[in-house]
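Q: Input structure: data.pdb, which contains PDB, C-alpha atoms.
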```
ATOM      1  CA  MET N   1      65.106 258.184-143.311  1.00  0.00           C
ATOM      2  CA  ASN N   2      65.981 254.517-143.789  1.00  0.00           C
ATOM      3  CA  HIS N   3      68.300 253.324-141.036  1.00  0.00           C
ATOM      4  CA  TYR N   4      68.583 249.764-142.346  1.00  0.00           C
ATOM      5  CA  ILE N   5      72.383 249.813-142.697  1.00  0.00           C
ATOM      6  CA  LEU N   6      72.920 251.246-139.216  1.00  0.00           C
ATOM      7  CA  ILE N   7      70.654 248.638-137.575  1.00  0.00           C
ATOM      8  CA  TRP N   8      72.299 245.858-139.600  1.00  0.00           C
ATOM      9  CA  SER N   9      75.741 247.141-138.560  1.00  0.00           C
ATOM     10  CA  VAL N  10      74.760 247.167-134.899  1.00  0.00           C
ATOM     11  CA  CYS N  11      73.249 243.666-135.027  1.00  0.00           C
ATOM     12  CA  THR N  12      76.206 242.100-136.820  1.00  0.00           C
ATOM     13  CA  PHE N  13      78.672 243.911-134.572  1.00  0.00           C
ATOM     14  CA  VAL N  14      76.950 242.759-131.388  1.00  0.00           C
ATOM     15  CA  GLU N  15      76.680 239.151-132.594  1.00  0.00           C
ATOM     16  CA  SER N  16      80.342 239.054-133.563  1.00  0.00           C
ATOM     17  CA  HIS N  17      81.435 240.461-130.175  1.00  0.00           C
ATOM     18  CA  VAL N  18      78.818 238.817-127.941  1.00  0.00           C
ATOM     19  CA  ARG N  19      81.378 236.837-125.921  1.00  0.00           C
ATOM     20  CA  GLU N  20      83.425 239.865-125.003  1.00  0.00           C
ATOM     21  CA  GLU N  21      82.988 243.343-123.617  1.00  0.00           C
ATOM     22  CA  ILE N  22      81.149 245.163-126.401  1.00  0.00           C
ATOM     23  CA  PRO N  23      83.478 247.992-127.462  1.00  0.00           C
ATOM     24  CA  LEU N  24      80.887 250.629-128.351  1.00  0.00           C
ATOM     25  CA  GLU N  25      83.608 253.090-129.324  1.00  0.00           C
ATOM     26  CA  GLU N  26      84.557 250.632-132.089  1.00  0.00           C
ATOM     27  CA  LEU N  27      80.934 250.631-133.252  1.00  0.00           C
ATOM     28  CA  VAL N  28      81.120 254.429-133.374  1.00  0.00           C
ATOM     29  CA  ARG N  29      84.293 254.197-135.480  1.00  0.00           C
ATOM     30  CA  GLN N  30      82.797 251.634-137.858  1.00  0.00           C
ATOM     31  CA  THR N  31      79.519 253.442-138.464  1.00  0.00           C
ATOM     32  CA  GLY N  32      80.737 257.025-138.375  1.00  0.00           C
ATOM     33  CA  PHE N  33      77.861 258.064-136.121  1.00  0.00           C
ATOM     34  CA  SER N  34      77.973 259.226-132.517  1.00  0.00           C
ATOM     35  CA  LEU N  35      76.989 256.765-129.818  1.00  0.00           C
ATOM     36  CA  ALA N  36      74.039 258.994-128.890  1.00  0.00           C
ATOM     37  CA  HIS N  37      72.780 258.868-132.498  1.00  0.00           C
ATOM     38  CA  ILE N  38      73.253 255.092-132.698  1.00  0.00           C
ATOM     39  CA  ARG N  39      71.337 254.580-129.448  1.00  0.00           C
ATOM     40  CA  ASP N  40      68.537 256.910-130.525  1.00  0.00           C
ATOM     41  CA  VAL N  41      68.085 255.323-133.952  1.00  0.00           C
ATOM     42  CA  PHE N  42      68.337 251.805-132.537  1.00  0.00           C
ATOM     43  CA  ARG N  43      65.633 252.482-129.949  1.00  0.00           C
ATOM     44  CA  LYS N  44      63.331 254.164-132.490  1.00  0.00           C
ATOM     45  CA  CYS N  45      63.712 251.341-135.016  1.00  0.00           C
ATOM     46  CA  THR N  46      63.644 248.328-132.683  1.00  0.00           C
ATOM     47  CA  GLY N  47      61.672 249.587-129.714  1.00  0.00           C
ATOM     48  CA  LYS N  48      64.383 248.676-127.243  1.00  0.00           C
ATOM     49  CA  PRO N  49      67.478 250.372-125.865  1.00  0.00           C
ATOM     50  CA  LEU N  50      70.843 249.281-127.252  1.00  0.00           C
ATOM     51  CA  ASN N  51      72.140 248.158-123.848  1.00  0.00           C
ATOM     52  CA  ARG N  52      69.077 245.928-123.375  1.00  0.00           C
ATOM     53  CA  TYR N  53      69.582 244.418-126.830  1.00  0.00           C
ATOM     54  CA  VAL N  54      73.219 243.649-125.998  1.00  0.00           C
ATOM     55  CA  GLN N  55      72.210 242.035-122.699  1.00  0.00           C
ATOM     56  CA  GLU N  56      69.500 239.965-124.410  1.00  0.00           C
ATOM     57  CA  ARG N  57      71.943 238.700-127.021  1.00  0.00           C
ATOM     58  CA  LYS N  58      74.458 237.724-124.340  1.00  0.00           C
ATOM     59  CA  ILE N  59      71.758 235.846-122.391  1.00  0.00           C
ATOM     60  CA  ALA N  60      70.349 234.144-125.518  1.00  0.00           C
ATOM     61  CA  ASN N  61      73.790 232.970-126.625  1.00  0.00           C
ATOM     62  CA  ALA N  62      74.651 231.842-123.089  1.00  0.00           C
ATOM     63  CA  ALA N  63      71.349 229.934-122.965  1.00  0.00           C
ATOM     64  CA  GLN N  64      72.264 228.124-126.169  1.00  0.00           C
ATOM     65  CA  GLU N  65      75.645 227.268-124.686  1.00  0.00           C
ATOM     66  CA  LEU N  66      74.000 225.937-121.517  1.00  0.00           C
ATOM     67  CA  LEU N  67      72.092 223.474-123.683  1.00  0.00           C
ATOM     68  CA  ASP N  68      74.897 222.573-126.099  1.00  0.00           C
ATOM     69  CA  THR N  69      77.886 222.165-123.773  1.00  0.00           C
ATOM     70  CA  ASP N  70      78.869 220.682-120.434  1.00  0.00           C
ATOM     71  CA  ARG N  71      80.710 223.844-119.391  1.00  0.00           C
ATOM     72  CA  THR N  72      79.962 225.032-115.881  1.00  0.00           C
ATOM     73  CA  ILE N  73      77.523 227.871-115.351  1.00  0.00           C
ATOM     74  CA  LEU N  74      80.346 229.970-113.929  1.00  0.00           C
ATOM     75  CA  ASP N  75      82.513 229.381-117.018  1.00  0.00           C
ATOM     76  CA  ILE N  76      79.659 230.410-119.288  1.00  0.00           C
ATOM     77  CA  ALA N  77      78.863 233.445-117.135  1.00  0.00           C
ATOM     78  CA  VAL N  78      82.462 234.659-117.269  1.00  0.00           C
ATOM     79  CA  ALA N  79      82.707 233.928-121.009  1.00  0.00           C
ATOM     80  CA  TYR N  80      79.804 236.317-121.628  1.00  0.00           C
ATOM     81  CA  GLY N  81      81.231 239.081-119.478  1.00  0.00           C
ATOM     82  CA  PHE N  82      79.357 238.559-116.216  1.00  0.00           C
ATOM     83  CA  SER N  83      81.356 239.086-113.030  1.00  0.00           C
ATOM     84  CA  GLY N  84      80.114 235.906-111.388  1.00  0.00           C
ATOM     85  CA  ARG N  85      77.479 233.236-111.151  1.00  0.00           C
ATOM     86  CA  THR N  86      75.094 235.283-108.974  1.00  0.00           C
ATOM     87  CA  VAL N  87      75.076 238.294-111.314  1.00  0.00           C
ATOM     88  CA  PHE N  88      74.619 235.991-114.303  1.00  0.00           C
ATOM     89  CA  SER N  89      71.820 234.027-112.608  1.00  0.00           C
ATOM     90  CA  ARG N  90      69.934 237.207-111.738  1.00  0.00           C
ATOM     91  CA  ALA N  91      70.175 238.553-115.308  1.00  0.00           C
ATOM     92  CA  PHE N  92      69.389 235.148-116.805  1.00  0.00           C
ATOM     93  CA  ARG N  93      66.245 234.805-114.708  1.00  0.00           C
ATOM     94  CA  ARG N  94      65.133 238.360-115.545  1.00  0.00           C
ATOM     95  CA  TYR N  95      65.230 237.620-119.275  1.00  0.00           C
ATOM     96  CA  THR N  96      64.182 233.955-119.363  1.00  0.00           C
ATOM     97  CA  GLY N  97      62.180 233.248-116.227  1.00  0.00           C
ATOM     98  CA  TYR N  98      64.572 230.371-115.449  1.00  0.00           C
ATOM     99  CA  THR N  99      67.649 230.040-113.306  1.00  0.00           C
ATOM    100  CA  PRO N 100      70.558 228.728-115.392  1.00  0.00           C
ATOM    101  CA  SER N 101      70.469 225.384-113.530  1.00  0.00           C
ATOM    102  CA  LEU N 102      66.736 224.901-114.088  1.00  0.00           C
ATOM    103  CA  PHE N 103      67.086 225.990-117.706  1.00  0.00           C
ATOM    104  CA  ARG N 104      69.763 223.371-118.313  1.00  0.00           C
ATOM    105  CA  ALA N 105      67.708 220.698-116.537  1.00  0.00           C
ATOM    106  CA  GLU N 106      64.470 221.436-118.399  1.00  0.00           C
ATOM    107  CA  ALA N 107      66.195 222.121-121.747  1.00  0.00           C
ATOM    108  CA  PRO N 108      63.432 224.190-123.400  1.00  0.00           C
ATOM    109  CA  LEU N 109      63.461 224.658-127.140  1.00  0.00           C
ATOM    110  CA  LEU N 110      65.493 227.654-128.323  1.00  0.00           C
ATOM    111  CA  PRO N 111      64.475 228.497-131.869  1.00  0.00           C
ATOM    112  CA  ARG N 112      66.568 230.646-134.172  1.00  0.00           C
ATOM    113  CA  VAL N 113      65.287 234.154-134.720  1.00  0.00           C
ATOM    114  CA  ARG N 114      65.945 236.685-137.453  1.00  0.00           C
ATOM    115  CA  LEU N 115      67.676 239.635-135.789  1.00  0.00           C
ATOM    116  CA  CYS N 116      67.832 241.664-138.994  1.00  0.00           C
ATOM    117  CA  ALA N 117      68.410 240.919-142.670  1.00  0.00           C
ATOM    118  CA  GLY N 118      70.900 238.077-142.948  1.00  0.00           C
ATOM    119  CA  VAL N 119      71.581 237.880-139.204  1.00  0.00           C
ATOM    120  CA  TYR N 120      70.097 235.037-137.163  1.00  0.00           C
ATOM    121  CA  GLY N 121      70.672 233.979-133.587  1.00  0.00           C
ATOM    122  CA  ALA N 122      69.254 232.026-130.686  1.00  0.00           C
ATOM    123  CA  ALA N 123      65.954 233.360-129.402  1.00  0.00           C
ATOM    124  CA  LEU N 124      65.214 233.855-125.749  1.00  0.00           C
ATOM    125  CA  PRO N 125      62.801 231.205-124.494  1.00  0.00           C
ATOM    126  CA  ASP N 126      59.227 232.121-123.704  1.00  0.00           C
ATOM    127  CA  ARG N 127      59.104 233.292-120.108  1.00  0.00           C
ATOM    128  CA  GLN N 128      57.516 230.911-117.672  1.00  0.00           C
TER
END
```
Show the structure stored in the file as structure tokens.

A:
Amino acid sequence: MNHYILIWSVCTFVESHVREEIPLEELVRQTGFSLAHIRDVFRKCTGKPLNRYVQERKIANAAQELLDTDRTILDIAVAYGFSGRTVFSRAFRRYTGYTPSLFRAEAPLLPRVRLCAGVYGAALPDRQ
């Protein structure tokens, strides 16, 4: 079965809600599928769990913001739904290999990546 539309729906939904708490029940309403089905199909088609994908997109977008703005790390952390700088720093380092401060100082290249058809976003940097 081709799950193209479901994956596209998930990707566009996550990207459009990346700076807020991702309301998965709204994703269920929009797609008409149960959350369990969405998670199962997403993992089978992408090779990663939905919650990891959401976290990666939050970190990638926050990384882009670290490079493009002068906002404080705490402001960026809170904007992407993290409860504080420490929690954000731990997650950021897990996905990028950098602390947010070091990332901003070194300013590595963040290319755009195709998330799915017609949806592009910041890529996570190569881990150090």

Q: By how many Å are CA of Arg104 in chain N and CA of Asp70 in chain N apart?

A: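 Computed distance, CA of Arg104 in chain N to CA of Asp70 in chain N, equals 9.7 Å.
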
Q: Near range 87-99 of chain N, within 10 Å and counting only C-alpha atoms, which residues show up once chain neighbours fewer than 5 positions away are dropped, as a list in words?

A: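 Final neighbour list, sorted by chain and number: Gln55, Glu56, Lys58, Ile59, Ala60, Ala62, Ala63, Ile73, Leu74, Ile76, Ala77, Val78, Tyr80, Gly81, Phe82, Arg104, Ala105, Glu106, Leu124, Pro125, Asp126, Arg127 and Gln128 of chain N.
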
Q: What is the distance, in Å and to one decimal place, between CA of His17 in chain N and CA of Ser34 in chain N?

A: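 Separation between CA of His17 in chain N and CA of Ser34 in chain N: 19.2 Å.
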
Q: Nearest residue to Cys45 in chain N out of N:Arg57, N:Leu6, N:Val18, N:Gln30, using only C-alpha atoms?

A: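 Looking only at the distances to Cys45 in chain N, the closest residue turns out to be N:Leu6.
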
Q: Figure out the distance between CA of Cys11 in chain N and CA of Pro100 in chain N, please, to one decimal in Å.

A: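 Distance reported for this atom pair: 24.8 Å.
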
Q: I want to know what sits within 12 Å of Arg29 in chain N, based on only C-alpha atoms, with residues of the same chain fewer than 6 positions away left out; could you give that as a short mmCIF file (atom, residue, chain, number, x, y, z; two decimals) with C-alpha atoms, in the coordinates of the input?

A:
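The resulting file, result39.cif, is shown below:
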```cif
data_model
loop_
_atom_site.label_atom_id
_atom_site.label_comp_id
_atom_site.auth_asym_id
_atom_site.auth_seq_id
_atom_site.Cartn_x
_atom_site.Cartn_y
_atom_site.Cartn_z
CA SER N 9 75.74 247.14 -138.56
CA VAL N 10 74.76 247.17 -134.90
CA PHE N 13 78.67 243.91 -134.57
CA PRO N 23 83.48 247.99 -127.46
CA LEU N 35 76.99 256.76 -129.82
CA ILE N 38 73.25 255.09 -132.70
#
```

Q: Which residue is closest to Val14 in chain N? Choose from N:Leu67, N:Val54, N:Ala123, N:Leu109 and count only C-alpha atoms.

A: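 Looking at the shortest contact to Val14 in chain N, the residue is N:Val54.
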
Q: Kindly resolve the PyMOL selection byres ((chain N and resi 3) around 12) on the present coordinates and return the residues as an NGL selection string.

A: :N and (1-2 or 4-10 or 31 or 33 or 37-38 or 40-46 or 116)

Q: Suppose we keep C-alpha atoms; can you now write the selection as an mmCIF file, in the coordinates of the input?

A:
```
data_model
loop_
_atom_site.group_PDB
_atom_site.id
_atom_site.type_symbol
_atom_site.label_atom_id
_atom_site.label_comp_id
_atom_site.auth_asym_id
_atom_site.auth_seq_id
_atom_site.Cartn_x
_atom_site.Cartn_y
_atom_site.Cartn_z
ATOM 1 C CA MET N 1 65.106 258.184 -143.311
ATOM 2 C CA ASN N 2 65.981 254.517 -143.789
ATOM 3 C CA TYR N 4 68.583 249.764 -142.346
ATOM 4 C CA ILE N 5 72.383 249.813 -142.697
ATOM 5 C CA LEU N 6 72.920 251.246 -139.216
ATOM 6 C CA ILE N 7 70.654 248.638 -137.575
ATOM 7 C CA TRP N 8 72.299 245.858 -139.600
ATOM 8 C CA SER N 9 75.741 247.141 -138.560
ATOM 9 C CA VAL N 10 74.760 247.167 -134.899
ATOM 10 C CA THR N 31 79.519 253.442 -138.464
ATOM 11 C CA PHE N 33 77.861 258.064 -136.121
ATOM 12 C CA HIS N 37 72.780 258.868 -132.498
ATOM 13 C CA ILE N 38 73.253 255.092 -132.698
ATOM 14 C CA ASP N 40 68.537 256.910 -130.525
ATOM 15 C CA VAL N 41 68.085 255.323 -133.952
ATOM 16 C CA PHE N 42 68.337 251.805 -132.537
ATOM 17 C CA ARG N 43 65.633 252.482 -129.949
ATOM 18 C CA LYS N 44 63.331 254.164 -132.490
ATOM 19 C CA CYS N 45 63.712 251.341 -135.016
ATOM 20 C CA THR N 46 63.644 248.328 -132.683
ATOM 21 C CA CYS N 116 67.832 241.664 -138.994
#
```
